[in-house]
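Source file: start.pdb; contents: PDB, C-alpha atoms and all ligand atoms.
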```pdb
ATOM      1  CA  MET A 260      -4.119 -11.490 -72.759  1.00  0.00           C
ATOM      2  CA  THR A 261      -2.547 -12.583 -69.494  1.00  0.00           C
ATOM      3  CA  ILE A 262      -4.519 -12.199 -66.312  1.00  0.00           C
ATOM      4  CA  ARG A 263      -2.360 -11.228 -63.388  1.00  0.00           C
ATOM      5  CA  LYS A 264      -2.868 -13.321 -60.287  1.00  0.00           C
ATOM      6  CA  SER A 265      -0.825 -11.032 -58.091  1.00  0.00           C
ATOM      7  CA  ILE A 266      -0.927  -7.442 -56.979  1.00  0.00           C
ATOM      8  CA  LYS A 267       1.698  -4.963 -55.819  1.00  0.00           C
ATOM      9  CA  LEU A 268       1.506  -3.892 -52.190  1.00  0.00           C
ATOM     10  CA  GLN A 269       1.367  -0.258 -53.278  1.00  0.00           C
ATOM     11  CA  TYR A 270      -2.185  -0.842 -54.517  1.00  0.00           C
ATOM     12  CA  LEU A 271      -3.497  -2.087 -51.173  1.00  0.00           C
ATOM     13  CA  PRO A 272      -5.323   0.380 -48.889  1.00  0.00           C
ATOM     14  CA  PHE A 273      -2.479   1.067 -46.499  1.00  0.00           C
ATOM     15  CA  ILE A 274      -3.885   4.123 -44.693  1.00  0.00           C
ATOM     16  CA  CYS A 275      -2.197   3.692 -41.395  1.00  0.00           C
ATOM     17  CA  ASP A 276       1.408   2.617 -40.744  1.00  0.00           C
ATOM     18  CA  ILE A 277       1.759   1.544 -37.120  1.00  0.00           C
ATOM     19  CA  HIS A 278       5.503   0.811 -37.093  1.00  0.00           C
ATOM     20  CA  SER A 279       8.236   3.014 -38.552  1.00  0.00           C
ATOM     21  CA  HIS A 280      11.674   4.416 -37.802  1.00  0.00           C
ATOM     22  CA  ILE A 281      11.085   7.778 -39.443  1.00  0.00           C
ATOM     23  CA  LEU A 282      11.806  10.015 -36.428  1.00  0.00           C
ATOM     24  CA  PRO A 283      15.251  11.167 -37.571  1.00  0.00           C
ATOM     25  CA  GLY A 284      18.521  10.664 -35.758  1.00  0.00           C
ATOM     26  CA  VAL A 285      17.370   8.585 -32.790  1.00  0.00           C
ATOM     27  CA  ASP A 286      18.060   4.990 -33.864  1.00  0.00           C
ATOM     28  CA  ASP A 287      19.140   2.905 -36.873  1.00  0.00           C
ATOM     29  CA  GLY A 288      16.309   4.304 -39.003  1.00  0.00           C
ATOM     30  CA  PHE A 289      16.191   7.644 -40.814  1.00  0.00           C
ATOM     31  CA  GLN A 290      19.141   9.838 -39.962  1.00  0.00           C
ATOM     32  CA  SER A 291      18.453  13.177 -41.643  1.00  0.00           C
ATOM     33  CA  GLU A 292      15.358  15.321 -41.374  1.00  0.00           C
ATOM     34  CA  GLN A 293      15.521  15.772 -45.136  1.00  0.00           C
ATOM     35  CA  ASP A 294      15.110  12.034 -45.777  1.00  0.00           C
ATOM     36  CA  ALA A 295      12.358  11.820 -43.156  1.00  0.00           C
ATOM     37  CA  LEU A 296      10.465  14.557 -45.012  1.00  0.00           C
ATOM     38  CA  LYS A 297      10.987  12.750 -48.320  1.00  0.00           C
ATOM     39  CA  ILE A 298       9.354   9.599 -47.059  1.00  0.00           C
ATOM     40  CA  LEU A 299       6.497  11.488 -45.417  1.00  0.00           C
ATOM     41  CA  ARG A 300       5.776  13.149 -48.785  1.00  0.00           C
ATOM     42  CA  GLN A 301       5.949   9.761 -50.472  1.00  0.00           C
ATOM     43  CA  TYR A 302       3.524   8.385 -47.865  1.00  0.00           C
ATOM     44  CA  GLN A 303       1.122  11.232 -48.612  1.00  0.00           C
ATOM     45  CA  ASP A 304       1.336  10.580 -52.346  1.00  0.00           C
ATOM     46  CA  ASP A 305       0.550   6.918 -51.676  1.00  0.00           C
ATOM     47  CA  GLY A 306      -2.548   7.712 -49.614  1.00  0.00           C
ATOM     48  CA  ILE A 307      -1.137   6.955 -46.174  1.00  0.00           C
ATOM     49  CA  LYS A 308      -2.804   9.300 -43.691  1.00  0.00           C
ATOM     50  CA  HIS A 309      -1.626   8.145 -40.276  1.00  0.00           C
ATOM     51  CA  VAL A 310       1.876   7.137 -39.285  1.00  0.00           C
ATOM     52  CA  VAL A 311       3.236   5.938 -35.979  1.00  0.00           C
ATOM     53  CA  LEU A 312       6.866   6.787 -35.304  1.00  0.00           C
ATOM     54  CA  SER A 313       8.214   3.946 -33.186  1.00  0.00           C
ATOM     55  CA  PRO A 314      11.939   4.292 -32.429  1.00  0.00           C
ATOM     56  CA  HIS A 315      13.802   1.520 -30.671  1.00  0.00           C
ATOM     57  CA  VAL A 316      13.833   1.692 -26.889  1.00  0.00           C
ATOM     58  CA  ASP A 317      16.700  -0.566 -25.931  1.00  0.00           C
ATOM     59  CA  PRO A 318      19.006   0.876 -23.262  1.00  0.00           C
ATOM     60  CA  GLY A 319      21.884  -1.388 -24.327  1.00  0.00           C
ATOM     61  CA  MET A 320      21.800  -0.096 -27.923  1.00  0.00           C
ATOM     62  CA  TYR A 321      20.350   3.404 -27.624  1.00  0.00           C
ATOM     63  CA  PRO A 322      21.006   4.704 -24.096  1.00  0.00           C
ATOM     64  CA  LYS A 323      19.393   8.097 -24.765  1.00  0.00           C
ATOM     65  CA  ASN A 324      16.062   6.681 -25.919  1.00  0.00           C
ATOM     66  CA  ASN A 325      13.696   6.931 -22.992  1.00  0.00           C
ATOM     67  CA  GLU A 326      10.115   8.212 -23.000  1.00  0.00           C
ATOM     68  CA  THR A 327      11.010  11.805 -22.063  1.00  0.00           C
ATOM     69  CA  TYR A 328      13.808  12.150 -24.608  1.00  0.00           C
ATOM     70  CA  LEU A 329      11.762  10.660 -27.459  1.00  0.00           C
ATOM     71  CA  THR A 330       8.711  12.761 -26.602  1.00  0.00           C
ATOM     72  CA  ASN A 331      10.836  15.907 -26.791  1.00  0.00           C
ATOM     73  CA  ARG A 332      12.395  14.821 -30.087  1.00  0.00           C
ATOM     74  CA  PHE A 333       8.986  13.980 -31.494  1.00  0.00           C
ATOM     75  CA  HIS A 334       7.529  17.369 -30.571  1.00  0.00           C
ATOM     76  CA  SER A 335      10.413  19.332 -31.979  1.00  0.00           C
ATOM     77  CA  PHE A 336      10.154  17.293 -35.204  1.00  0.00           C
ATOM     78  CA  ILE A 337       6.422  17.737 -35.740  1.00  0.00           C
ATOM     79  CA  GLU A 338       6.352  21.372 -34.649  1.00  0.00           C
ATOM     80  CA  ASN A 339       8.836  22.276 -37.380  1.00  0.00           C
ATOM     81  CA  LEU A 340       7.288  20.320 -40.240  1.00  0.00           C
ATOM     82  CA  PRO A 341       6.762  22.155 -43.530  1.00  0.00           C
ATOM     83  CA  GLU A 342       3.176  23.159 -44.264  1.00  0.00           C
ATOM     84  CA  ASP A 343       2.718  20.654 -47.074  1.00  0.00           C
ATOM     85  CA  ILE A 344       2.922  17.707 -44.648  1.00  0.00           C
ATOM     86  CA  HIS A 345      -0.602  16.841 -43.522  1.00  0.00           C
ATOM     87  CA  LEU A 346      -0.077  13.342 -42.179  1.00  0.00           C
ATOM     88  CA  LYS A 347      -1.282  12.659 -38.691  1.00  0.00           C
ATOM     89  CA  MET A 348       1.698  11.460 -36.684  1.00  0.00           C
ATOM     90  CA  TYR A 349       1.838   9.580 -33.408  1.00  0.00           C
ATOM     91  CA  LEU A 350       4.736   8.680 -31.157  1.00  0.00           C
ATOM     92  CA  SER A 351       5.143   5.161 -29.871  1.00  0.00           C
ATOM     93  CA  ALA A 352       8.210   2.948 -29.434  1.00  0.00           C
ATOM     94  CA  GLU A 353       9.534  -0.489 -30.225  1.00  0.00           C
ATOM     95  CA  TYR A 354      10.578  -1.840 -26.850  1.00  0.00           C
ATOM     96  CA  MET A 355      13.200  -4.515 -26.428  1.00  0.00           C
ATOM     97  CA  CYS A 356      11.365  -7.135 -24.403  1.00  0.00           C
ATOM     98  CA  ASP A 357      13.729  -7.698 -21.495  1.00  0.00           C
ATOM     99  CA  GLU A 358      13.857  -7.108 -17.755  1.00  0.00           C
ATOM    100  CA  GLN A 359      14.500  -3.408 -18.325  1.00  0.00           C
ATOM    101  CA  LEU A 360      11.010  -2.978 -19.769  1.00  0.00           C
ATOM    102  CA  GLN A 361       9.236  -2.057 -16.541  1.00  0.00           C
ATOM    103  CA  THR A 362       5.543  -1.345 -16.290  1.00  0.00           C
ATOM    104  CA  ASN A 363       5.898   1.188 -13.483  1.00  0.00           C
ATOM    105  CA  ARG A 364       6.622   4.044 -15.873  1.00  0.00           C
ATOM    106  CA  GLN A 365       4.601   5.878 -18.511  1.00  0.00           C
ATOM    107  CA  LEU A 366       5.187   3.842 -21.661  1.00  0.00           C
ATOM    108  CA  LEU A 367       4.798   5.102 -25.226  1.00  0.00           C
ATOM    109  CA  PHE A 368       1.695   3.162 -26.155  1.00  0.00           C
ATOM    110  CA  LEU A 369       0.605   2.036 -29.574  1.00  0.00           C
ATOM    111  CA  GLY A 370      -3.056   2.996 -29.558  1.00  0.00           C
ATOM    112  CA  GLU A 371      -4.701   2.985 -26.122  1.00  0.00           C
ATOM    113  CA  THR A 372      -2.785   0.238 -24.353  1.00  0.00           C
ATOM    114  CA  GLY A 373      -0.626  -1.480 -26.997  1.00  0.00           C
ATOM    115  CA  VAL A 374       3.063  -1.995 -26.273  1.00  0.00           C
ATOM    116  CA  LEU A 375       5.104  -2.834 -29.359  1.00  0.00           C
ATOM    117  CA  ILE A 376       7.856  -5.259 -28.380  1.00  0.00           C
ATOM    118  CA  GLU A 377      10.737  -6.987 -30.122  1.00  0.00           C
ATOM    119  CA  MET A 378      13.143  -9.728 -29.077  1.00  0.00           C
ATOM    120  CA  SER A 379      16.656 -10.845 -29.908  1.00  0.00           C
ATOM    121  CA  TYR A 380      16.993 -12.253 -33.456  1.00  0.00           C
ATOM    122  CA  PHE A 381      19.367 -14.936 -32.258  1.00  0.00           C
ATOM    123  CA  TYR A 382      17.923 -16.670 -29.218  1.00  0.00           C
ATOM    124  CA  GLN A 383      14.984 -16.550 -26.861  1.00  0.00           C
ATOM    125  CA  TYR A 384      15.889 -14.214 -24.068  1.00  0.00           C
ATOM    126  CA  PRO A 385      14.944 -15.652 -20.653  1.00  0.00           C
ATOM    127  CA  TYR A 386      12.962 -12.634 -19.456  1.00  0.00           C
ATOM    128  CA  VAL A 387      10.626 -12.442 -22.437  1.00  0.00           C
ATOM    129  CA  LYS A 388       7.818 -14.431 -20.852  1.00  0.00           C
ATOM    130  CA  GLU A 389       8.022 -12.633 -17.504  1.00  0.00           C
ATOM    131  CA  THR A 390       7.974  -9.269 -19.250  1.00  0.00           C
ATOM    132  CA  ILE A 391       4.946 -10.189 -21.356  1.00  0.00           C
ATOM    133  CA  PHE A 392       3.122 -11.411 -18.227  1.00  0.00           C
ATOM    134  CA  ALA A 393       3.965  -8.165 -16.445  1.00  0.00           C
ATOM    135  CA  LEU A 394       2.602  -6.127 -19.364  1.00  0.00           C
ATOM    136  CA  VAL A 395      -0.617  -8.127 -19.466  1.00  0.00           C
ATOM    137  CA  ASN A 396      -0.997  -7.920 -15.694  1.00  0.00           C
ATOM    138  CA  ALA A 397      -0.654  -4.156 -15.888  1.00  0.00           C
ATOM    139  CA  GLY A 398      -3.581  -4.098 -18.326  1.00  0.00           C
ATOM    140  CA  TYR A 399      -1.486  -3.497 -21.448  1.00  0.00           C
ATOM    141  CA  GLN A 400      -1.630  -5.269 -24.798  1.00  0.00           C
ATOM    142  CA  PRO A 401       1.756  -6.642 -25.895  1.00  0.00           C
ATOM    143  CA  ILE A 402       2.176  -6.599 -29.665  1.00  0.00           C
ATOM    144  CA  LEU A 403       5.158  -8.574 -30.927  1.00  0.00           C
ATOM    145  CA  ALA A 404       6.745  -6.896 -33.962  1.00  0.00           C
ATOM    146  CA  HIS A 405       7.712  -9.083 -36.922  1.00  0.00           C
ATOM    147  CA  PRO A 406       7.422 -12.590 -35.387  1.00  0.00           C
ATOM    148  CA  GLU A 407       8.540 -13.936 -38.780  1.00  0.00           C
ATOM    149  CA  ARG A 408      12.002 -12.514 -38.171  1.00  0.00           C
ATOM    150  CA  TYR A 409      12.708 -14.852 -35.234  1.00  0.00           C
ATOM    151  CA  ILE A 410      13.915 -17.555 -37.561  1.00  0.00           C
ATOM    152  CA  TYR A 411      15.394 -19.663 -34.754  1.00  0.00           C
ATOM    153  CA  LEU A 412      11.762 -20.534 -34.008  1.00  0.00           C
ATOM    154  CA  SER A 413      11.041 -21.930 -37.499  1.00  0.00           C
ATOM    155  CA  LYS A 414      11.425 -25.481 -36.232  1.00  0.00           C
ATOM    156  CA  LYS A 415       9.447 -24.807 -33.066  1.00  0.00           C
ATOM    157  CA  LEU A 416       6.348 -23.238 -34.528  1.00  0.00           C
ATOM    158  CA  ASP A 417       4.285 -24.042 -31.465  1.00  0.00           C
ATOM    159  CA  ALA A 418       6.319 -21.332 -29.724  1.00  0.00           C
ATOM    160  CA  PHE A 419       4.050 -18.864 -31.543  1.00  0.00           C
ATOM    161  CA  ASP A 420       0.940 -20.527 -30.134  1.00  0.00           C
ATOM    162  CA  LYS A 421       2.440 -19.992 -26.706  1.00  0.00           C
ATOM    163  CA  PHE A 422       2.858 -16.268 -27.356  1.00  0.00           C
ATOM    164  CA  ILE A 423      -0.803 -16.098 -28.355  1.00  0.00           C
ATOM    165  CA  ASP A 424      -1.709 -18.021 -25.175  1.00  0.00           C
ATOM    166  CA  MET A 425       0.178 -15.336 -23.256  1.00  0.00           C
ATOM    167  CA  GLU A 426      -2.201 -12.799 -24.894  1.00  0.00           C
ATOM    168  CA  CYS A 427       0.415 -11.412 -27.221  1.00  0.00           C
ATOM    169  CA  LEU A 428      -0.674 -10.138 -30.650  1.00  0.00           C
ATOM    170  CA  PHE A 429       1.499 -10.255 -33.776  1.00  0.00           C
ATOM    171  CA  GLN A 430       2.448  -7.529 -36.260  1.00  0.00           C
ATOM    172  CA  LEU A 431       3.627  -8.566 -39.715  1.00  0.00           C
ATOM    173  CA  ASN A 432       6.430  -6.595 -41.348  1.00  0.00           C
ATOM    174  CA  LEU A 433       5.453  -5.828 -44.941  1.00  0.00           C
ATOM    175  CA  ILE A 434       9.083  -6.084 -46.079  1.00  0.00           C
ATOM    176  CA  SER A 435       9.150  -9.712 -44.887  1.00  0.00           C
ATOM    177  CA  LEU A 436       6.790 -10.548 -47.757  1.00  0.00           C
ATOM    178  CA  SER A 437       9.679  -9.916 -50.170  1.00  0.00           C
ATOM    179  CA  GLY A 438      11.436 -12.998 -48.798  1.00  0.00           C
ATOM    180  CA  ILE A 439      14.359 -10.869 -47.624  1.00  0.00           C
ATOM    181  CA  TYR A 440      14.661 -12.841 -44.369  1.00  0.00           C
ATOM    182  CA  GLY A 441      15.055 -16.187 -46.094  1.00  0.00           C
ATOM    183  CA  PRO A 442      13.229 -19.515 -46.239  1.00  0.00           C
ATOM    184  CA  ARG A 443      12.938 -20.006 -42.478  1.00  0.00           C
ATOM    185  CA  SER A 444      11.141 -16.690 -42.168  1.00  0.00           C
ATOM    186  CA  LYS A 445       8.772 -17.810 -44.943  1.00  0.00           C
ATOM    187  CA  ILE A 446       7.959 -20.992 -43.010  1.00  0.00           C
ATOM    188  CA  ILE A 447       6.967 -18.885 -40.005  1.00  0.00           C
ATOM    189  CA  MET A 448       4.944 -16.449 -42.121  1.00  0.00           C
ATOM    190  CA  HIS A 449       3.016 -19.242 -43.805  1.00  0.00           C
ATOM    191  CA  TYR A 450       2.255 -20.804 -40.444  1.00  0.00           C
ATOM    192  CA  LEU A 451       1.052 -17.530 -38.939  1.00  0.00           C
ATOM    193  CA  PHE A 452      -1.089 -16.677 -41.979  1.00  0.00           C
ATOM    194  CA  ARG A 453      -2.532 -20.179 -42.195  1.00  0.00           C
ATOM    195  CA  HIS A 454      -3.630 -20.005 -38.569  1.00  0.00           C
ATOM    196  CA  ASN A 455      -4.780 -16.375 -38.791  1.00  0.00           C
ATOM    197  CA  MET A 456      -2.359 -15.406 -36.079  1.00  0.00           C
ATOM    198  CA  TYR A 457      -1.385 -11.966 -37.360  1.00  0.00           C
ATOM    199  CA  SER A 458      -3.378  -8.998 -36.084  1.00  0.00           C
ATOM    200  CA  TYR A 459      -1.626  -5.978 -37.595  1.00  0.00           C
ATOM    201  CA  THR A 460       0.884  -4.990 -40.220  1.00  0.00           C
ATOM    202  CA  GLY A 461       3.469  -2.244 -40.501  1.00  0.00           C
ATOM    203  CA  SER A 462       6.342  -1.133 -42.677  1.00  0.00           C
ATOM    204  CA  ASP A 463       9.031  -1.045 -39.949  1.00  0.00           C
ATOM    205  CA  VAL A 464      10.646   1.245 -42.492  1.00  0.00           C
ATOM    206  CA  HIS A 465      14.232   2.350 -41.829  1.00  0.00           C
ATOM    207  CA  SER A 466      15.086   3.967 -45.202  1.00  0.00           C
ATOM    208  CA  LEU A 467      13.600   5.266 -48.432  1.00  0.00           C
ATOM    209  CA  ARG A 468      15.045   2.348 -50.353  1.00  0.00           C
ATOM    210  CA  GLN A 469      13.341  -0.117 -48.065  1.00  0.00           C
ATOM    211  CA  TYR A 470      10.005   1.593 -48.570  1.00  0.00           C
ATOM    212  CA  GLN A 471      10.435   1.496 -52.336  1.00  0.00           C
ATOM    213  CA  ARG A 472      11.062  -2.209 -52.050  1.00  0.00           C
ATOM    214  CA  ILE A 473       7.890  -2.680 -50.012  1.00  0.00           C
ATOM    215  CA  ARG A 474       5.773  -0.886 -52.631  1.00  0.00           C
ATOM    216  CA  ASP A 475       7.030  -3.217 -55.359  1.00  0.00           C
ATOM    217  CA  ILE A 476       6.390  -6.507 -53.544  1.00  0.00           C
ATOM    218  CA  ARG A 477       3.850  -8.654 -55.370  1.00  0.00           C
ATOM    219  CA  VAL A 478       1.495 -10.928 -53.466  1.00  0.00           C
ATOM    220  CA  SER A 479      -1.280 -13.257 -54.584  1.00  0.00           C
ATOM    221  CA  TYR A 480      -4.815 -11.876 -54.430  1.00  0.00           C
ATOM    222  CA  LYS A 481      -5.584 -14.438 -51.759  1.00  0.00           C
ATOM    223  CA  LEU A 482      -2.763 -13.195 -49.559  1.00  0.00           C
ATOM    224  CA  ALA A 483      -3.601  -9.577 -50.425  1.00  0.00           C
ATOM    225  CA  ALA A 484      -7.074 -10.066 -48.929  1.00  0.00           C
ATOM    226  CA  LYS A 485      -5.514 -11.217 -45.648  1.00  0.00           C
ATOM    227  CA  ILE A 486      -3.071  -8.305 -45.617  1.00  0.00           C
ATOM    228  CA  GLU A 487      -5.943  -5.890 -46.231  1.00  0.00           C
ATOM    229  CA  GLU A 488      -7.657  -7.221 -43.126  1.00  0.00           C
ATOM    230  CA  LEU A 489      -4.531  -6.470 -41.099  1.00  0.00           C
ATOM    231  CA  MET A 490      -4.391  -2.979 -42.593  1.00  0.00           C
ATOM    232  CA  ASN A 491      -7.961  -2.477 -41.447  1.00  0.00           C
ATOM    233  CA  ASN A 492      -7.108  -3.690 -37.965  1.00  0.00           C
ATOM    234  CA  ASN A 493      -4.404  -1.009 -37.841  1.00  0.00           C
ATOM    235  CA  LYS A 494      -7.144   1.611 -38.047  1.00  0.00           C
ATOM    236  CA  GLN A 495      -8.984   0.045 -35.128  1.00  0.00           C
ATOM    237  CA  LEU A 496      -5.805  -0.008 -33.089  1.00  0.00           C
ATOM    238  CA  LEU A 497      -5.560   3.771 -33.473  1.00  0.00           C
ATOM    239  CA  SER A 498      -9.327   4.130 -32.877  1.00  0.00           C
ATOM    240  CA  LEU A 499      -9.866   5.490 -36.372  1.00  0.00           C
ATOM    241  CA  GLN A 500     -13.001   3.442 -37.010  1.00  0.00           C
TER     242      GLN A 500
HETATM  243 FE    FE B   1      11.154  -1.693 -35.931  1.00  0.00          FE
END
```
In structure tokens, how does this file's structure come out?
Amino acid sequence: MTIRKSIKLQYLPFICDIHSHILPGVDDGFQSEQDALKILRQYQDDGIKHVVLSPHVDPGMYPKNNETYLTNRFHSFIENLPEDIHLKMYLSAEYMCDEQLQTNRQLLFLGETGVLIEMSYFYQYPYVKETIFALVNAGYQPILAHPERYIYLSKKLDAFDKFIDMECLFQLNLISLSGIYGPRSKIIMHYLFRHNMYSYTGSDVHSLRQYQRIRDIRVSYKLAAKIEELMNNNKQLLSLQ
């Protein structure tokens, strides 16, 4: 008999997804309401009970996506859900961390004061630090989405320590565990896990196929224990425990 030393992500207690692009037709995530409903049903079947819809807010890419527009879209989506959908849904956003992210407006928080931010995948944008400082000064908690995707930092790993020094927290993308972002992303992930630098985890799901892929990812039991901790932290972020 062979004893398995790894476990599929679908068997971990993922109750609360804090990062998704399921709100249909507002960004590069789910486009049709039909597909959005399919994944919500799949989430329910898998035991997920809380899901944060976090569309991109990036005026250069998605000019319509501001807080008012997304709030209206969110309400019209959840008010017309079929009766068999019981998931608790929350609206937040994934903000491009640049000079356009101002703290003088009502942001779409993740939890009480969390602000989910992302950066360019190609280079470190000059306003990132200033924007993070402004968020912290305003009393908000910046949460950097998928730090392991900024592969240009794989040879400057101390850059991540600097983000932590700036009071930024990190959110792991579950799909990154598949190795889809290549060896440099793995170097970053190993570093961040080894130094316990991740706080949360999310699917960042953009399509049904991507979610299926996440469910099938196998991780060692040792890594699974760390991921479970992050999944637990997600609940705290939404004040569920
Ligand atoms: Fe995202």
Using only C-alpha atoms and all ligand atoms, what does the table of chain A residues within 7 Å of ligand FE 1 (chain B) look like, with each row giving the shortest atom pair and its distance in Å to one decimal, sorted by chain and ascending number, as a tab-separated table?
```
residue	atom	partner	partner_atom	distance
A:His278	CA	B:FE1	FE	6.3
A:Ser279	CA	B:FE1	FE	6.1
A:His280	CA	B:FE1	FE	6.4
A:Ser313	CA	B:FE1	FE	6.9
A:Pro314	CA	B:FE1	FE	7.0
A:His315	CA	B:FE1	FE	6.7
A:Glu353	CA	B:FE1	FE	6.1
A:Asp463	CA	B:FE1	FE	4.6
```
Give me a file of those residues, with C-alpha atoms, as a PDB file, keeping the file's coordinate frame.
```pdb
ATOM      1  CA  HIS A 278       5.503   0.811 -37.093  1.00  0.00           C
ATOM      2  CA  SER A 279       8.236   3.014 -38.552  1.00  0.00           C
ATOM      3  CA  HIS A 280      11.674   4.416 -37.802  1.00  0.00           C
ATOM      4  CA  SER A 313       8.214   3.946 -33.186  1.00  0.00           C
ATOM      5  CA  PRO A 314      11.939   4.292 -32.429  1.00  0.00           C
ATOM      6  CA  HIS A 315      13.802   1.520 -30.671  1.00  0.00           C
ATOM      7  CA  GLU A 353       9.534  -0.489 -30.225  1.00  0.00           C
ATOM      8  CA  ASP A 463       9.031  -1.045 -39.949  1.00  0.00           C
TER       9      ASP A 463
END
```
**OP:** To one decimal in Å, tell me the separation between CA of Asn325 (chain A) and CA of Gln361 (chain A).
**Re:**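 It comes out at 11.9 Å.
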For this session: Tell me which protein, DNA and RNA residues are within 12 Å of region 418-421 of chain A, counting all atoms listed in the file, leaving out same-chain ones fewer than 5 positions away, and put them as a list in words.
Result: Gln383, Val387, Lys388, Ile391, Leu403, His405, Pro406, Glu407, Tyr409, Ile410, Tyr411, Leu412, Ser413, Glu426, Cys427, Leu428, Phe429, Ile447, Met448, Tyr450, Leu451, Phe452, His454, Asn455, Met456 and Tyr457 of chain A
From CA of Ser462 (chain A) to CA of Arg408 (chain A) the spacing works out at 13.5 Å
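Of the residues under consideration (A:Tyr459, A:Phe368, A:Tyr386, A:Tyr354), A:Tyr354 shows the shortest atom-to-atom contact distance to Asn324 (chain A) when counting all atoms listed in the file.
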* Could you state which residues are captured by the PyMOL selection byres (((chain A and resi 374) around 9) and not hetatm) in this file, as a VMD selection string? => chain A and resid 351 to 354 366 to 370 372 to 373 375 to 376 394 399 to 403
Which centre and edge lengths in Å to one decimal define the box along x, y and z that fits every listed atom of region 307-318 of chain A plus 8 Å per side, as JSON?
```
{"center_x": 8.1, "center_y": 4.4, "center_z": -34.7, "size_x": 37.8, "size_y": 25.9, "size_z": 38.9}
```
Using all atoms listed in the file, the best pick from A:Glu377, A:Val310, A:Ala393, A:Arg468 as closest to Gln430 (chain A) would be A:Glu377
A straight line from CA of Phe392 (chain A) to CA of Pro318 (chain A) spans 20.7 Å
Min atom-atom distance to Arg472 (chain A) from the set A:Asp287, A:Leu436, A:Val395, A:His449, counting only C-alpha atoms, belongs to A:Leu436
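With distances restricted to all atoms listed in the file, A:Tyr470 is the closest residue to Ala295 (chain A) from A:Tyr321, A:Tyr470, A:Tyr270, A:Tyr382.
For the point (-4.3, -3.4, -48.7), the residues with an atom at a distance of at most 10 Å are Ile266, Lys267, Leu268, Gln269, Tyr270, Leu271, Pro272, Phe273, Ile274, Leu482, Ala483, Ala484, Lys485, Ile486, Glu487, Glu488, Leu489, Met490 and Asn491 of chain A, counting only C-alpha atoms.
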Practice item. Could you tell me which of A:Leu496, A:Met348, A:Ser437, A:Cys275 comes closest to Gly461 (chain A) if we count all atoms listed in the file? Key: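 Closest to Gly461 (chain A), using all atoms listed in the file: A:Cys275.
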